[in-house]
Amino acid sequence: MKILPHRYPFLLVDRIVKYEQGKEAVGLKNVTINDNFFPGHFPARPIMPGVLIVEALAQVGGIALMDPDDPKENFFFGGIDGCKFRKPVVPGDTLMLKVALKKMNKRFGVAKTTAQAFVGEDLVCEAELTLYMGN
């Protein structure tokens with residue numbers, strides 16, 4: 001996780017279980033009642049905010065794009081297309097975050113990715129994410 005510039009409380013990936021630099025990455029996020037967003041979202045029925053699921057996917061996407069031997073290059077969120085939330089994510093769930101590179105324009109540092117989040121076999125979120133590479 002050292003390759004990511006994010007730190008607590010905004011590091012939303014616990015570990016990477018599959019990695020192919022420049023192609024894909026799969027990460028895990030163990031969702032617990034201790035996560036700092038649950039007291040306000042929602043106290044009576046805690047649900048992980050959808051925007052944070054998408055942010056976790058973007059963090060895994062950035063890992064897929066970054067070179068661990070040259071971590072000075074960074075990535076920035078550029079856009080979200082076709083985002084769908086299928087089921088709520090609640091404390092006790094383990095999010096599997098799968099991101100694959102769809103298209104890369106190296107000249108401009110723009111990457112399009114396909115991103116999916118699962119809880120068990122259930123697809124809970126999907127989107128096409130645009131990430132920008134740069135310093």
# chains A, B, ... in the order shown; residues from 1 in each chain; ligands from 1
>>> residues_around(residues="A:Lys98", least_positions_apart="6", cutoff="6 Å", atoms="only C-alpha atoms", output="VMD selection string")
chain A and resid 26 115 to 116
>>> select_by_dssp(residues="chain A", states="helix (DSSP H, G or I)", output="list of chain:residue names")
A:Phe38, A:Pro39, A:Gly40, A:Gly50, A:Val51, A:Leu52, A:Ile53, A:Val54, A:Glu55, A:Ala56, A:Leu57, A:Ala58, A:Gln59, A:Val60, A:Gly61, A:Gly62, A:Ile63, A:Ala64, A:Leu65
>>> write_last_selection(atoms="N, CA, C and O atoms", output="PDB file, in the first residue's frame")
ATOM      1  N   PHE A  38     -19.355   5.524   9.191  1.00  0.00           N
ATOM      2  CA  PHE A  38     -20.609   4.913   9.629  1.00  0.00           C
ATOM      3  C   PHE A  38     -21.397   5.698  10.674  1.00  0.00           C
ATOM      4  O   PHE A  38     -22.627   5.677  10.638  1.00  0.00           O
ATOM      5  N   PRO A  39     -20.766   6.421  11.595  1.00  0.00           N
ATOM      6  CA  PRO A  39     -21.584   7.163  12.559  1.00  0.00           C
ATOM      7  C   PRO A  39     -22.557   8.151  11.913  1.00  0.00           C
ATOM      8  O   PRO A  39     -23.605   8.449  12.473  1.00  0.00           O
ATOM      9  N   GLY A  40     -22.227   8.643  10.724  1.00  0.00           N
ATOM     10  CA  GLY A  40     -23.113   9.602  10.069  1.00  0.00           C
ATOM     11  C   GLY A  40     -23.828   9.050   8.842  1.00  0.00           C
ATOM     12  O   GLY A  40     -24.624   9.751   8.221  1.00  0.00           O
ATOM     13  N   GLY A  50     -21.697   5.180  -1.388  1.00  0.00           N
ATOM     14  CA  GLY A  50     -21.345   4.770  -2.747  1.00  0.00           C
ATOM     15  C   GLY A  50     -20.134   5.505  -3.288  1.00  0.00           C
ATOM     16  O   GLY A  50     -19.298   4.917  -3.969  1.00  0.00           O
ATOM     17  N   VAL A  51     -20.014   6.786  -2.966  1.00  0.00           N
ATOM     18  CA  VAL A  51     -18.867   7.545  -3.475  1.00  0.00           C
ATOM     19  C   VAL A  51     -17.555   6.997  -2.930  1.00  0.00           C
ATOM     20  O   VAL A  51     -16.523   7.070  -3.596  1.00  0.00           O
ATOM     21  N   LEU A  52     -17.580   6.416  -1.732  1.00  0.00           N
ATOM     22  CA  LEU A  52     -16.363   5.839  -1.166  1.00  0.00           C
ATOM     23  C   LEU A  52     -16.050   4.485  -1.795  1.00  0.00           C
ATOM     24  O   LEU A  52     -14.879   4.109  -1.903  1.00  0.00           O
ATOM     25  N   ILE A  53     -17.077   3.760  -2.226  1.00  0.00           N
ATOM     26  CA  ILE A  53     -16.836   2.526  -2.980  1.00  0.00           C
ATOM     27  C   ILE A  53     -16.143   2.878  -4.294  1.00  0.00           C
ATOM     28  O   ILE A  53     -15.157   2.249  -4.683  1.00  0.00           O
ATOM     29  N   VAL A  54     -16.624   3.914  -4.953  1.00  0.00           N
ATOM     30  CA  VAL A  54     -16.008   4.351  -6.213  1.00  0.00           C
ATOM     31  C   VAL A  54     -14.584   4.850  -5.973  1.00  0.00           C
ATOM     32  O   VAL A  54     -13.671   4.560  -6.748  1.00  0.00           O
ATOM     33  N   GLU A  55     -14.358   5.578  -4.891  1.00  0.00           N
ATOM     34  CA  GLU A  55     -13.001   6.027  -4.555  1.00  0.00           C
ATOM     35  C   GLU A  55     -12.079   4.833  -4.310  1.00  0.00           C
ATOM     36  O   GLU A  55     -10.929   4.838  -4.754  1.00  0.00           O
ATOM     37  N   ALA A  56     -12.565   3.809  -3.618  1.00  0.00           N
ATOM     38  CA  ALA A  56     -11.753   2.608  -3.392  1.00  0.00           C
ATOM     39  C   ALA A  56     -11.393   1.950  -4.721  1.00  0.00           C
ATOM     40  O   ALA A  56     -10.254   1.511  -4.923  1.00  0.00           O
ATOM     41  N   LEU A  57     -12.352   1.900  -5.646  1.00  0.00           N
ATOM     42  CA  LEU A  57     -12.072   1.358  -6.981  1.00  0.00           C
ATOM     43  C   LEU A  57     -11.013   2.192  -7.692  1.00  0.00           C
ATOM     44  O   LEU A  57     -10.104   1.649  -8.326  1.00  0.00           O
ATOM     45  N   ALA A  58     -11.101   3.506  -7.578  1.00  0.00           N
ATOM     46  CA  ALA A  58     -10.114   4.382  -8.221  1.00  0.00           C
ATOM     47  C   ALA A  58      -8.724   4.160  -7.618  1.00  0.00           C
ATOM     48  O   ALA A  58      -7.722   4.178  -8.343  1.00  0.00           O
ATOM     49  N   GLN A  59      -8.643   3.934  -6.310  1.00  0.00           N
ATOM     50  CA  GLN A  59      -7.351   3.679  -5.681  1.00  0.00           C
ATOM     51  C   GLN A  59      -6.740   2.386  -6.220  1.00  0.00           C
ATOM     52  O   GLN A  59      -5.543   2.336  -6.518  1.00  0.00           O
ATOM     53  N   VAL A  60      -7.556   1.344  -6.393  1.00  0.00           N
ATOM     54  CA  VAL A  60      -7.060   0.096  -6.968  1.00  0.00           C
ATOM     55  C   VAL A  60      -6.650   0.324  -8.428  1.00  0.00           C
ATOM     56  O   VAL A  60      -5.633  -0.181  -8.879  1.00  0.00           O
ATOM     57  N   GLY A  61      -7.427   1.123  -9.154  1.00  0.00           N
ATOM     58  CA  GLY A  61      -7.071   1.462 -10.534  1.00  0.00           C
ATOM     59  C   GLY A  61      -5.737   2.172 -10.620  1.00  0.00           C
ATOM     60  O   GLY A  61      -4.922   1.903 -11.504  1.00  0.00           O
ATOM     61  N   GLY A  62      -5.490   3.083  -9.680  1.00  0.00           N
ATOM     62  CA  GLY A  62      -4.203   3.782  -9.645  1.00  0.00           C
ATOM     63  C   GLY A  62      -3.057   2.828  -9.404  1.00  0.00           C
ATOM     64  O   GLY A  62      -1.993   2.948 -10.013  1.00  0.00           O
ATOM     65  N   ILE A  63      -3.269   1.840  -8.546  1.00  0.00           N
ATOM     66  CA  ILE A  63      -2.234   0.835  -8.299  1.00  0.00           C
ATOM     67  C   ILE A  63      -1.926   0.070  -9.584  1.00  0.00           C
ATOM     68  O   ILE A  63      -0.768  -0.182  -9.896  1.00  0.00           O
ATOM     69  N   ALA A  64      -2.968  -0.275 -10.345  1.00  0.00           N
ATOM     70  CA  ALA A  64      -2.760  -1.012 -11.601  1.00  0.00           C
ATOM     71  C   ALA A  64      -1.912  -0.206 -12.578  1.00  0.00           C
ATOM     72  O   ALA A  64      -1.135  -0.770 -13.351  1.00  0.00           O
ATOM     73  N   LEU A  65      -2.026   1.113 -12.546  1.00  0.00           N
ATOM     74  CA  LEU A  65      -1.326   1.973 -13.498  1.00  0.00           C
ATOM     75  C   LEU A  65       0.077   2.368 -13.054  1.00  0.00           C
ATOM     76  O   LEU A  65       0.937   2.626 -13.884  1.00  0.00           O
TER      77      LEU A  65
END
>>> closest_residue(among="A:Ala111, A:Leu4, A:Ala117, A:Val124", to="A:Gly78", atoms="only C-alpha atoms")
A:Ala111
>>> closest_residue(among="A:Leu28, A:Met96, A:Val13, A:Met66", to="A:Asn135", atoms="only C-alpha atoms")
A:Met66
>>> residues_around(residues="A:Glu24", least_positions_apart="2", cutoff="6 Å", atoms="only C-alpha atoms", output="number ranges by chain")
A: 19-20, 64, 99-101
>>> closest_residue(among="A:Tyr8, A:Arg86, A:Asp67, A:Phe118", to="A:Met133", atoms="only C-alpha atoms")
A:Asp67
>>> closest_residue(among="A:Val89, A:Gly27, A:Gly22, A:Phe77", to="A:Arg45", atoms="only C-alpha atoms")
A:Val89
>>> closest_residue(among="A:Asn74, A:Gln21, A:Thr114, A:Asn34", to="A:Pro9", atoms="only C-alpha atoms")
A:Asn34
>>> closest_residue(among="A:Phe37, A:Phe108, A:Phe10, A:Phe85", to="A:Tyr132", atoms="only C-alpha atoms")
A:Phe108
>>> residues_around(residues="A:Ile80", least_positions_apart="5", cutoff="8 Å", atoms="only C-alpha atoms", output="list in words")
Ala127, Glu128, Leu129 and Thr130 of chain A
>>> select_by_dssp(residues="stretch 1-110 of chain A", states="strand (DSSP E)", output="ChimeraX atom specification")
/A:15-20,24-30,74-85,94-105,110
>>> atom_distance(atom1="atom CA of A:Ile33", atom2="atom CA of A:Gly92")
7.5 Å
>>> atom_distance(atom1="atom CA of A:Asn30", atom2="atom CA of A:Ile3")
19.4 Å
>>> atom_distance(atom1="atom CA of A:Lys102", atom2="atom CA of A:Gly79")
14.2 Å
